[in-house]
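**Q** Have a look at this one before I ask anything.
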Amino acid sequence: MIVRASPFHSRAAASNAFNQWALRNNFTLAQNFGDPLQEALAAHARVVAIDISWRWRVLFQGARAGDFLAQLMTRDARLLEPGQSLKALWLNDSGAVRGAGVVVRFASDKFLLVSSAADMSWIANAAAIFGVAVREMTEEEGGLALIGPYARSVLDATGLAADIEPLGFRKLFWRGLDVTVSRWGEQSGYEIWCKADDCLIVWDRIFGAGVPYGLQPAGLDAADILDVEAGITRPLRDYLPAQDGFADTPTPASLGLASLIDPAHAAFNGRAACMASEKSEARILVGVEIESDTPAPFASLTHRDWMVGRTLTSVYSPVLRRAIALAQIDRAISEIGTLLNLTVPASLIRTAALSGSARICSLPFLSQSDPIAP
Amino acid sequence: MSEARTYDAIVIGGGTSGLVAATYLARDGKKTLLLEARDEFGGVETASMSADGLSVSLAAQTLYALDPLVTKQLKLTRRGLKFAVRDMPLVGLRSDGKHIVIQRDTRASGVNIAIHSKRDAETWPRFRRELFDLARALRPFWDGAPRKPLGPSLQQTLDRIARQGAMAWLDSWFESEALKTTLAFDATSGGLSVLEPGSALAFVWRAAQEMCGLQGSVAQPLGGMASLIAALVSGAQKAGAELRAGIKVQALVLDGAAAVGVRLASGETAFADIIVSSLSRRKTLGELVEPLAGGIAAAALISRSDAPIAEARAVLLLRGPPAFGGVHVPRNSRFILAERPESYADAEMAARSGRLSDDSPLELVVPTLADDSLAPPGQHILSVLVRPVPRNPQTPWEQLKTELATRVVSALGRQIADFPEQISHIEIFTPDDMHTQYGVDPARLTVDHMLAPSQQSIETPVYGLLLCGDDAQPVPAISGRAARLAAAIATGAHK
């Protein structure tokens with residue numbers, strides 16, 4: 001495994017007083033900058049900047065790039081005009097989720113895919129059949145997400161003011177730098193993308209302009225708290241994508257991602273199986289509020305001694321002031337308000353099993369404009 | 001077909017599989033159209049050469065896996081399918097003249113095997129009995145019947161066989177090279193090496209087949225494969241299927257992920273809810289549908305399933321019956337020419353590296369010894385199956401034909417007296433010929449494929465599109481079983 005440094009690393013290191021680091025998509029990133037709960041609160045109350053350079057980005061170019069992406073993704077990218085984007089899944093032949101991402105159309109023959117997890121061999125092999133060139137550009141650029149009620153104000157202060165609709169983007173020439181400002185993310189914020197070599201300048205300019213608004217960096221722990229609050233599942237954190245081309249799990253419905261499938265899109269990979277599984281999927285994604293302050297990731301959920309599901313990522317939400325979790329649960333038991341028993345098995349770091357109660361609630365825990373992650 | 005027409009089912013390919021599928025569909029009341037690209041039905045089974053004004057079959061001359069249910073339900077015997085030989089002995093030709101003759105009578109076989117090894121002669125009846133018992137027990141895996149869990153002992157045996165190469169398995173039974181090399185040829189179907197896991201299973205699969213009511217029998221149809229095709233065509237017509245020859249399917253018409261019809265080379269279109277293809281999976285999903293319409297993983301599988309090795313056939317027209325030297329052998333036999341166990345490994349290595357081996361194992365049949373209608377009076381056909389040969393040789397097959405013919409003649413010349421002088425014509429039927437003329441691609445068998453439920457091999461990721469040819473069967477053979485099952489799936493009769 002190659003461990004990569006984010007192009008913002010030196011600035012993040014300077015702010016990371018406790019030297020807390022974590023890996024995501026093989027990038028070394030700040031786990032937190034001291035207090036993840038305070039960082040998550042700041043994202044709700046002020047504004048934070050989160051390094052998102054780890055997001056996997058691939059560029060597709062070729063006369064049949066649109067046809068290829070239409071075949072690959074669960075929404076038809078051919079319907080996009082240049083400058084537009086959509087969120088969609090890509091599935092294996094059996095309709096199981098391999099990935100989720102934002103497809104951006106730059107030109108009639110040029111598209112970008114932004115996703116949380118890489119799936120290069122699957123996509124590149126399929127693209128080759130259509131004669132479409134695929135180029136990974138994850139390391140060529142860095143990205144910084146501005147999240148919080150003052151995100152727009154910080155952008156205005158930097159001179160990057162732009163009216164961008166959700167899922168929109170704009171390429172700008174910013175005091176000598178080429179940058180792209182987008183709203184592809186899920187946290188009602190903005191993303192600023194720039195060349196890897198320009199990242200430190202961008203960091204300095206953004207943080208310089210953000211001082212009056214209390215802008216602070218936030219790490220992966222805070223990002224996870226925001227994700228769970230928004231009801232967002234991510235590959236490799238909450239679920240293992242279907243790496244086998246014929247595996248039948250995880251289904252879109254079991255991950256709460258069925259809304260990213262366009263039933264009118266007639267031909268995408270895995271469509272038949274996916275449509276068949278949508279109604280038959282026994283488990284669905286819900287939120288659970290844990291009646292404790294201790295998060296319970298990947299814990300068993302039982303109802304009247306019957307195993308009815310399990311939690312996925314679980315965090316303590318400083319806004320809700322309790323532990324919460326995403327959970328996959330039997331459809332029959334998924335009524336809001338149902339009380340469940342929760343058991344966290346003993347592990348290497350926890351010698352005794354934990355048990356408690358959890359209550360089913362709807363997602364998102366906190367209202368967001370678009371609760372789906374790329 | 002001047003305008004778009006609508007059918008209940010369209011069958012692509014008019015070989016055995018296509019004809020069987022069309023007949024079953026039509027019998028079920030489906031308005032069925034069968035399309036054959038060539039001018040006559042029969043596909044590769046009726047491939048022929050013209051020599052001295054005579055049409056000589058280039059295809060296999062024997063049947064060993066024709067589905068008994070197909071024979072019975074389609075009344076093939078009543079429609080003219082008869083057999084010149086019902087149970088061909090297997091003869092391993094040896095350069096020292098001590099040929100090994102294996103026939104149904106285990107005592108007689110034992111006498112012959114004892115020339116090479118007394119111990120093997122004693123083992124033979126037990127081997128034969130256990131092989132046939134195991135093969136019968138595994139039939140539900142292969143005949144489309146509902147599967148029941150195997151008993152622990154049988155499951156254990158199956159697990160062991162599935163992991164074993166045929167030669168290793170035969171080594172565990174016998175010591176005689178002559179016996180092992182003779183038997184091993186039947187394990188090399190579908191591009192398998194005798195050293196490769198799965199080849200023992202292919203051997204057992206073959207033993208599970210039945211011809212003329214006899215398990216593990218090899219039979220020769222009277223009048224050649226043409227008589228089988230004639231019986232099938234007659235049955236299909238009687239059932240009400242519309243059979244069209246000389247019409248090539250250019251592409252499948254898709255509506256989303258469902259096949260809804262076929263577009264013909266002439267530009268016309270025919271529609272149907274069910275499309276059954278007897279062409280290979282590669283040809284069907286790789287050439288007849290839009291890229292990736294069959295699925296990304298399926299496309300990757302197809303691209304990886306390029307079989308490096310294949311088989312070729314040499315058909316020789318002889319001026320007289322071939323006379324094998326050495327001990328007496330029954331006339332209507334199937335002969336295997338593979339002197340050493342290493343012949344298989346050497347030939348496979350050569351084929352994988354794109355070359356012909358000096359010592360390829362050969363299977364010989366002289367159908368005219370039992371059926372003189374197949375050649376002009378006094379002349380004989382010697383049909384030679386050469387396996388393995390490279391699928392994509394370093395030198396193009398067109399140029400390699402002469403070299404293959406030379407090697408075959410040289411190998412046979414060591415067994416048959418005055419052989420070169422007897423030859424009046426030689427024709428070589430290469431893997432390229434099979435692909436370009438008949439859409440037949442060599443299989444690349446795997447254990448998973450051989451043990452997969454039949455439905456899995458027949459269905460495709462494209463709705464309404466089913467396969468019924470060699471790729472839909474556990475091991476490629478002229479059978480019709482996959483076609484029968486495909487029709488049952490299409491009509492909802494298969495559970």
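As shown in the structure tokens, the chain order sets the letters A, B, ...; within each chain, residues go from 1, and ligands are also counted from 1 in the order they appear.
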Please check the contacts: residues of chain B at most 12 Å away from chain A, using only C-alpha atoms, listed as an MDAnalysis selection string.

**A** chainID B and resid 254:259 286 290:301 303:304 456 460:464

**Q** Near Asp109 of chain A, counting only C-alpha atoms, which residues have an atom at most 10 Å away, once you skip same-chain residues fewer than 3 positions from it, shown as a ChimeraX atom specification?

**A** /A:60-67,78,82,105-106,132

**Q** Atom CA of Trp169 of chain B and atom CA of Ile115 of chain B are how many Å apart?

**A** 21.9 Å

**Q** Have a look at A:Asp221, A:Asp197, A:Asp204, A:Asp156 and name the one nearest to Arg24 of chain A; count only C-alpha atoms.

**A**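 Using only C-alpha atoms, Arg24 of chain A sits closest to A:Asp221.
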
**Q** Using the chain letters and numbers from this document, which residues of segment 11-68 of chain B does DSSP assign to helix (DSSP H, G or I), as a ChimeraX atom specification?

**A** /B:16-27,43-46,68

**Q** How would the residues just chosen look if you wrote them out with N, CA and C atoms as a CSV table (one decimal), in the first residue's frame?

**A**
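So part.csv came out as:
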```csv
chain,number,residue,atom,x,y,z
B,16,THR,N,-27.6,-28.8,-33.9
B,16,THR,CA,-28.3,-29.6,-33.0
B,16,THR,C,-29.1,-28.9,-31.9
B,17,SER,N,-28.3,-28.0,-31.2
B,17,SER,CA,-28.9,-27.3,-30.1
B,17,SER,C,-30.0,-26.4,-30.5
B,18,GLY,N,-29.8,-25.6,-31.6
B,18,GLY,CA,-30.8,-24.7,-32.1
B,18,GLY,C,-32.1,-25.4,-32.5
B,19,LEU,N,-31.9,-26.5,-33.2
B,19,LEU,CA,-33.1,-27.3,-33.7
B,19,LEU,C,-33.8,-27.9,-32.5
B,20,VAL,N,-33.1,-28.4,-31.5
B,20,VAL,CA,-33.8,-29.0,-30.3
B,20,VAL,C,-34.5,-27.9,-29.6
B,21,ALA,N,-33.9,-26.7,-29.4
B,21,ALA,CA,-34.6,-25.6,-28.7
B,21,ALA,C,-35.8,-25.2,-29.5
B,22,ALA,N,-35.7,-25.0,-30.8
B,22,ALA,CA,-36.8,-24.6,-31.6
B,22,ALA,C,-38.0,-25.6,-31.5
B,23,THR,N,-37.6,-26.9,-31.5
B,23,THR,CA,-38.7,-27.9,-31.5
B,23,THR,C,-39.4,-27.8,-30.2
B,24,TYR,N,-38.7,-27.8,-29.1
B,24,TYR,CA,-39.4,-27.7,-27.8
B,24,TYR,C,-40.2,-26.5,-27.6
B,25,LEU,N,-39.7,-25.3,-28.1
B,25,LEU,CA,-40.5,-24.1,-28.0
B,25,LEU,C,-41.8,-24.2,-28.8
B,26,ALA,N,-41.6,-24.7,-30.0
B,26,ALA,CA,-42.8,-24.9,-30.9
B,26,ALA,C,-43.8,-25.9,-30.3
B,27,ARG,N,-43.3,-26.9,-29.7
B,27,ARG,CA,-44.2,-27.9,-29.1
B,27,ARG,C,-45.0,-27.3,-28.0
B,43,GLY,N,-25.3,-26.8,-38.7
B,43,GLY,CA,-24.2,-26.1,-38.1
B,43,GLY,C,-22.9,-26.9,-38.3
B,44,VAL,N,-22.1,-26.9,-37.3
B,44,VAL,CA,-20.7,-27.5,-37.4
B,44,VAL,C,-20.9,-29.1,-37.6
B,45,GLU,N,-22.0,-29.6,-37.2
B,45,GLU,CA,-22.2,-31.0,-37.3
B,45,GLU,C,-22.3,-31.5,-38.7
B,46,THR,N,-22.7,-30.5,-39.6
B,46,THR,CA,-22.8,-31.0,-41.0
B,46,THR,C,-21.6,-30.3,-41.9
B,68,PRO,N,-30.9,-38.5,-23.7
B,68,PRO,CA,-31.9,-39.6,-23.9
B,68,PRO,C,-33.3,-39.0,-24.0
```

**Q** Might you pull out every residue within 12 Å of Ser357 of chain A, with only C-alpha atoms counted and same-chain residues fewer than 6 positions away left off, and present them as a ChimeraX atom specification?

**A** /A:288-296,299-303,323-324,337-344

**Q** What does the distance between atom CA of Asp143 of chain B and atom CA of Ser454 of chain B come to in Å, to one decimal place?

**A**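 One can read the atom CA of Asp143 of chain B to atom CA of Ser454 of chain B distance as 7.9 Å.
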
**Q** Given the choices B:Ala60, B:Ala236, B:Val365, B:Ile161, which gets closest to Lys31 of chain B if the distance is worked out from only C-alpha atoms?

**A**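 Residue with the minimum atom-to-atom distance to Lys31 of chain B: B:Ala236.
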
**Q** Tell me, as JSON, numbers by chain, which residues lie within 7 Å of Leu451 of chain B, counting only C-alpha atoms; anything in the same chain fewer than 3 positions away does not count.

**A** {"B": [141, 447, 448]}

**Q** For the residues in the current selection, export N, CA and C atoms as a PDB file, in the first residue's frame.

**A**
```pdb
ATOM      1  N   PHE B 141     -26.636 -33.414 -11.140  1.00  0.00           N
ATOM      2  CA  PHE B 141     -25.905 -32.158 -11.296  1.00  0.00           C
ATOM      3  C   PHE B 141     -25.964 -31.671 -12.734  1.00  0.00           C
ATOM      4  N   VAL B 447     -13.966 -25.859 -13.042  1.00  0.00           N
ATOM      5  CA  VAL B 447     -14.735 -26.715 -12.133  1.00  0.00           C
ATOM      6  C   VAL B 447     -16.051 -26.018 -11.781  1.00  0.00           C
ATOM      7  N   ASP B 448     -15.979 -24.713 -11.529  1.00  0.00           N
ATOM      8  CA  ASP B 448     -17.193 -23.968 -11.169  1.00  0.00           C
ATOM      9  C   ASP B 448     -18.247 -24.104 -12.263  1.00  0.00           C
TER      10      ASP B 448
END
```

**Q** Which residue is closest to Arg206 of chain B? Choose from B:Leu170, B:Ala184, B:Ala135, B:Val329 and count only C-alpha atoms.

**A**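 Closest candidate: B:Ala135.
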
**Q** So what do you get for atom CA of Ala346 of chain A versus atom CA of Gly287 of chain A, distance-wise?

**A**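 So the answer is 23.1 Å.
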